[in-house]
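upload_32.txt, holding compact mmCIF, C-alpha atoms:
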```
# COMPACT_ATOMS: atom_id res chain seq x y z
CA LEU A 221 0.00 0.00 0.00
CA TRP A 222 2.70 2.49 0.97
CA SER A 223 4.76 1.84 -2.15
CA ALA A 224 1.70 2.29 -4.36
CA GLN A 225 0.86 5.59 -2.66
CA LEU A 226 4.31 7.07 -2.31
CA CYS A 227 6.49 6.04 -5.21
CA ASN A 228 4.93 8.11 -8.00
CA TYR A 229 5.56 11.62 -6.73
CA LYS A 230 4.31 13.38 -9.86
CA SER A 231 0.90 11.76 -10.13
CA ARG A 232 -2.22 13.63 -9.05
CA ASP A 233 -3.57 10.46 -7.43
CA GLN A 234 -0.52 10.34 -5.20
CA ILE A 235 -0.91 13.95 -4.15
CA GLN A 236 -4.40 13.09 -2.98
CA ALA A 237 -2.97 10.06 -1.18
CA ILE A 238 -0.49 12.33 0.61
CA LYS A 239 -3.33 14.50 1.88
CA GLU A 240 -5.31 11.48 3.01
CA ILE A 241 -2.34 10.02 4.89
CA ALA A 242 -1.49 13.40 6.44
CA SER A 243 -5.07 13.74 7.66
CA GLY A 244 -4.20 10.93 10.08
CA GLY A 245 -1.81 13.27 11.89
CA GLN A 246 1.67 12.65 13.25
CA GLU A 247 1.18 8.92 13.80
CA ALA A 248 0.17 8.36 10.17
CA VAL A 249 3.11 10.43 8.90
CA ASP A 250 5.51 8.49 11.13
CA ASP A 251 4.07 5.25 9.79
CA ALA A 252 4.74 6.44 6.24
CA TYR A 253 8.35 7.27 7.04
CA LEU A 254 8.96 4.00 8.92
CA ALA A 255 7.52 2.12 5.94
CA LEU A 256 10.24 3.64 3.75
CA GLU A 257 12.94 2.65 6.24
CA ARG A 258 11.51 -0.87 6.23
CA PHE A 259 11.61 -0.95 2.42
CA GLN A 260 15.28 -0.03 2.48
CA ALA A 261 16.06 -2.69 5.10
CA GLU A 262 14.35 -5.24 2.83
CA GLY A 263 16.55 -4.20 -0.07
CA LYS A 264 13.79 -2.42 -1.94
CA VAL A 265 14.42 0.80 -3.85
CA VAL A 266 13.33 3.96 -2.05
CA SER A 267 13.10 6.99 -4.31
CA VAL A 268 13.79 10.59 -3.39
CA GLY A 269 10.27 11.30 -4.59
CA ALA A 270 8.81 8.99 -1.97
CA ILE A 271 10.77 10.73 0.80
CA ASN A 272 9.70 14.10 -0.58
CA SER A 273 6.12 12.95 -0.17
CA VAL A 274 6.69 12.39 3.53
CA ILE A 275 8.23 15.87 3.84
CA GLN A 276 5.13 17.24 2.17
CA MET A 277 2.94 15.37 4.65
CA CYS A 278 4.91 16.93 7.52
CA GLY A 279 4.19 20.33 6.05
CA LEU A 280 0.48 19.58 5.81
CA ILE A 281 0.34 18.82 9.54
CA ASP A 282 2.44 21.94 10.29
CA ASP A 283 5.35 19.95 11.72
CA LEU A 284 8.52 21.65 10.51
CA ASP A 285 10.72 19.61 12.87
CA ARG A 286 9.57 16.32 11.35
CA ALA A 287 9.98 17.79 7.86
CA SER A 288 13.57 18.82 8.66
CA GLN A 289 14.40 15.42 10.13
CA THR A 290 12.98 13.68 7.06
CA PHE A 291 14.93 15.99 4.77
CA GLU A 292 18.16 15.18 6.61
CA ALA A 293 17.35 11.46 6.30
CA ILE A 294 17.48 11.69 2.49
CA SER A 295 21.28 11.63 2.64
CA GLY A 296 21.87 10.55 6.22
CA VAL A 297 19.68 7.42 6.21
CA PHE A 298 18.87 6.60 2.60
CA GLY A 299 22.16 7.71 1.00
CA LEU A 300 20.45 9.82 -1.64
CA ASP A 301 20.75 13.45 -2.73
CA PRO A 302 17.93 15.96 -2.24
CA ASP A 303 16.45 17.26 -5.48
CA ALA A 304 14.57 20.44 -6.35
CA SER A 305 11.30 18.90 -5.16
CA SER A 306 12.90 18.14 -1.77
CA TYR A 307 13.67 21.81 -1.28
CA SER A 308 10.24 22.80 -2.57
CA ALA A 309 8.59 20.58 0.04
CA MET A 310 10.81 22.10 2.74
CA LEU A 311 9.98 25.63 1.57
CA GLU A 312 6.29 24.88 1.86
CA ALA A 313 6.71 23.37 5.34
CA ALA A 314 8.79 26.32 6.58
CA SER A 315 6.39 28.81 5.02
CA ARG A 316 3.34 27.21 6.63
CA ALA A 317 5.18 27.40 9.96
CA ARG A 318 5.97 31.05 9.16
CA ASP A 319 9.60 30.36 10.04
CA TRP A 320 11.15 32.95 7.73
CA ALA A 321 14.68 32.28 9.01
CA ALA A 322 14.27 28.67 7.89
CA VAL A 323 12.92 29.84 4.52
CA ASP A 324 15.99 32.02 3.96
CA GLN A 325 18.27 29.16 5.00
CA ILE A 326 16.58 26.74 2.60
CA LEU A 327 16.88 29.16 -0.30
CA GLU A 328 20.56 29.66 0.53
CA GLN A 329 21.03 25.88 0.52
CA VAL A 330 19.36 25.67 -2.88
CA SER A 331 21.81 28.24 -4.21
CA SER A 332 24.92 26.76 -2.59
CA ALA A 333 23.99 23.22 -3.66
CA GLY A 334 23.71 24.36 -7.27
CA ILE A 335 20.16 23.04 -7.48
CA ARG A 336 18.41 24.26 -10.59
CA TYR A 337 14.98 25.65 -9.91
CA VAL A 338 12.09 23.81 -11.49
CA GLY A 339 8.57 25.17 -11.90
CA GLU A 340 7.55 23.82 -8.51
CA THR A 341 10.54 25.45 -6.79
CA TYR A 342 9.76 28.82 -8.33
CA ARG A 343 6.13 28.58 -7.23
CA HIS A 344 7.03 27.84 -3.63
CA ALA A 345 9.78 30.48 -3.57
CA CYS A 346 7.38 33.12 -4.94
CA GLN A 347 4.70 32.05 -2.52
CA VAL A 348 6.88 32.36 0.57
CA ARG A 349 8.25 35.75 -0.52
CA LEU A 350 4.71 37.06 -0.97
CA ARG A 351 3.80 35.70 2.46
CA GLN A 352 6.72 37.73 3.77
CA ARG A 353 5.32 40.76 1.91
CA LYS A 354 8.49 40.93 -0.18
CA GLU A 355 6.72 41.73 -3.42
CA GLN A 356 9.75 42.90 -5.40
CA VAL A 357 11.76 39.78 -4.57
CA ALA A 358 8.79 37.58 -5.52
CA LEU A 359 8.35 39.43 -8.81
CA GLU A 360 12.03 39.01 -9.66
CA LEU A 361 11.70 35.26 -9.10
CA PHE A 362 8.52 35.20 -11.20
CA ASP A 363 10.26 37.04 -14.04
CA GLN A 364 13.13 34.53 -13.87
CA ALA A 365 10.65 31.67 -14.09
CA ARG A 366 8.89 33.26 -17.07
CA ALA A 367 12.18 33.90 -18.86
CA ALA A 368 13.18 30.26 -18.33
CA ASN A 369 9.72 29.04 -19.39
CA LEU A 370 9.31 27.48 -15.94
CA ALA A 371 6.37 29.53 -14.69
CA ARG A 372 3.51 27.07 -14.40
CA GLY A 373 -0.21 27.67 -14.11
CA GLY A 374 -0.09 27.59 -10.31
CA THR A 375 2.49 30.38 -10.22
CA TYR A 376 0.42 32.52 -12.57
CA ALA A 377 -2.69 31.88 -10.47
CA LEU A 378 -0.77 32.95 -7.38
CA PHE A 379 0.13 36.34 -8.85
CA ILE A 380 -3.23 36.90 -10.56
CA CYS A 381 -5.03 36.49 -7.23
CA TYR A 382 -2.40 38.58 -5.46
CA PHE A 383 -2.78 41.51 -7.86
CA MET A 384 -6.58 41.27 -7.62
CA GLY A 385 -6.21 41.72 -3.87
CA GLU A 386 -7.57 38.25 -3.10
CA ASN A 387 -6.37 36.13 -0.20
CA GLN A 388 -5.43 32.84 -1.85
CA TYR A 389 -2.79 30.12 -1.51
CA GLY A 390 -1.92 31.26 1.99
CA VAL A 391 -0.97 34.70 0.66
CA ARG A 392 -2.71 37.95 1.53
CA GLY A 393 -3.82 39.93 -1.49
CA ARG A 394 -2.11 43.17 -2.47
CA LYS A 395 -3.26 46.12 -0.36
CA LYS A 396 -3.60 48.23 -3.51
CA PRO A 397 -4.85 45.84 -6.22
CA ASP A 398 -3.51 46.17 -9.74
CA LEU A 399 -6.40 44.76 -11.75
CA ALA A 400 -4.90 45.60 -15.13
CA ARG A 401 -1.79 43.62 -14.27
CA ALA A 402 -3.85 40.70 -12.99
CA ALA A 403 -5.84 40.63 -16.24
CA ALA A 404 -2.67 40.84 -18.34
CA LEU A 405 -1.19 37.84 -16.50
CA ALA A 406 -4.45 35.93 -16.94
CA GLU A 407 -4.37 36.48 -20.71
CA GLU A 408 -0.67 35.56 -20.83
CA ALA A 409 -1.40 32.28 -19.05
CA VAL A 410 -4.26 31.52 -21.45
CA ASP A 411 -2.11 32.34 -24.49
CA LYS A 412 0.56 29.94 -23.19
CA GLY A 413 -2.00 27.19 -22.66
CA LEU A 414 -1.24 26.96 -18.95
CA ARG A 415 -3.65 25.34 -16.53
CA VAL A 416 -5.16 28.07 -14.40
CA ARG A 417 -8.54 27.63 -12.72
CA SER A 418 -11.23 29.00 -15.00
CA ASP A 419 -12.91 30.95 -12.18
CA ILE A 420 -9.67 32.88 -11.57
CA ILE A 421 -9.41 33.78 -15.26
CA LYS A 422 -13.06 34.88 -15.30
CA ARG A 423 -12.61 37.09 -12.23
CA ALA A 424 -9.52 38.74 -13.72
CA ARG A 425 -11.30 39.43 -17.01
CA ALA A 426 -14.39 40.74 -15.24
CA ALA A 427 -12.23 43.06 -13.12
CA VAL A 428 -10.53 44.66 -16.12
CA GLU A 429 -13.88 44.97 -17.89
CA ARG A 430 -15.17 46.95 -14.91
CA ILE A 431 -12.14 49.22 -15.20
CA SER A 432 -12.89 49.82 -18.87
CA GLU A 433 -16.52 50.59 -18.07
CA ASP A 434 -15.53 53.00 -15.29
CA VAL A 435 -13.04 54.76 -17.59
CA SER A 436 -15.67 55.01 -20.32
CA GLU A 437 -18.21 56.46 -17.90
CA PHE A 438 -15.64 58.95 -16.60
CA GLU A 439 -14.69 60.04 -20.11
CA THR A 440 -18.37 60.45 -21.04
CA ALA A 441 -19.04 62.48 -17.90
CA ALA A 442 -15.96 64.62 -18.54
CA ALA A 443 -16.98 65.20 -22.17
CA ASP A 444 -20.52 66.16 -21.10
CA GLY A 445 -19.08 68.54 -18.53
CA LEU A 446 -16.80 70.13 -21.11
CA THR A 447 -19.68 70.55 -23.58
CA ALA A 448 -21.84 72.15 -20.92
CA ALA A 449 -19.03 74.51 -19.93
CA THR A 450 -18.38 75.50 -23.55
CA THR A 451 -22.07 76.16 -24.17
CA SER A 452 -22.30 78.26 -21.03
CA THR A 453 -19.23 80.30 -22.02
CA ALA A 454 -20.58 80.92 -25.53
CA ALA A 455 -23.96 82.00 -24.20
CA ALA A 456 -22.51 84.52 -21.75
CA PRO A 457 -21.59 87.26 -24.32
CA ALA A 458 -25.02 87.02 -25.96
CA ASP A 459 -26.67 87.43 -22.58
CA GLU A 460 -24.53 90.46 -21.82
CA ALA A 461 -25.38 92.04 -25.20
CA ALA A 462 -29.09 91.52 -24.60
CA ALA A 463 -28.76 93.09 -21.19
CA ARG A 464 -27.21 96.22 -22.72
```

Show me, as structure tokens, the structure contained in the file I just sent.
Amino acid sequence: LWSAQLCNYKSRDQIQAIKEIASGGQEAVDDAYLALERFQAEGKVVSVGAINSVIQMCGLIDDLDRASQTFEAISGVFGLDPDASSYSAMLEAASRARDWAAVDQILEQVSSAGIRYVGETYRHACQVRLRQRKEQVALELFDQARAANLARGGTYALFICYFMGENQYGVRGRKKPDLARAAALAEEAVDKGLRVRSDIIKRARAAVERISEDVSEFETAAADGLTAATTSTAAAPADEAAAR
């Protein structure tokens, strides 16, 4: 059962399995980790992806200590090297715990280890920087991901919601929403064929449509005001002449 649930880290079914296991709390997560140790003792192959899954479970139950211990076990117990997904799982765990010192340390480790960011790493890095309210740093990471064609749908969704001022993905929305920017990112994601929830795209489009309507109404009101003022100015001399 454990091997079926844990060994295919990329599958959506396995992500759901992670959540189901984590819902059992610390005992269930410990059982998952001990199962991997048992596999190794039996001479079975334990993948980094399977260990990453356990780190992710630790994050879901807000247990950064267990996540850190599991991360250390990748090399210390299983003799493997952490990959980009290992660091992504640790970033998520540290971010959920709001341990920003740990976040900074993990990102430094990623850099010093020469780990190349993947789409998942960029998403988590952007997410934690936005949680820290470090918008400029997050945007620089996002631009790097876009330039490297590694910005996935989830990363776009993160920034679209952020610029709309919505609280999503554990990130508080921007205090001063930038709806035009949110809509532009939504269209960019659609043009690239990225998977972004349709309701997010619809909200971004609706927001920019409201801006266009407001601008149109303002321009109409301004034009009407200008016409009225011009008419009034032209009528004034005639009124004065009649008075004389």

Checklist entry - CA of Arg353 (chain A) and CA of Gly374 (chain A) are how many Å apart? => result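 Taking CA of Arg353 (chain A) and CA of Gly374 (chain A), their separation equals 18.8 Å.
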
Checklist entry - Between A:Ala322, A:Ile421, A:Phe383, A:Ala377, which one has atoms that come closest to Glu355 (chain A), using only C-alpha atoms? => result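 Using only C-alpha atoms, the shortest distance to Glu355 (chain A) belongs to A:Phe383.
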
Checklist entry - Looking at all atoms listed in the file, which of A:Glu407, A:Arg351, A:Gly413, A:Ser308 is the one that sits closest to Gly393 (chain A)? => result A:Arg351

Build an axis-aligned box that encloses every atom of region 260-271 of chain A listed in the file, pad it by 4 Å on each side, and report its centre and edge lengths in Å to one decimal, as AutoDock Vina command-line options.
```
--center_x 12.7 --center_y 3.0 --center_z 0.3 --size_x 15.7 --size_y 24.5 --size_z 17.7
```

Checklist entry - Counting only C-alpha atoms, which of A:Ala365, A:Val330, A:Ala317, A:Ala427 gets nearest to Leu399 (chain A)? => result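 Counting only C-alpha atoms, the residue closest to Leu399 (chain A) is A:Ala427.
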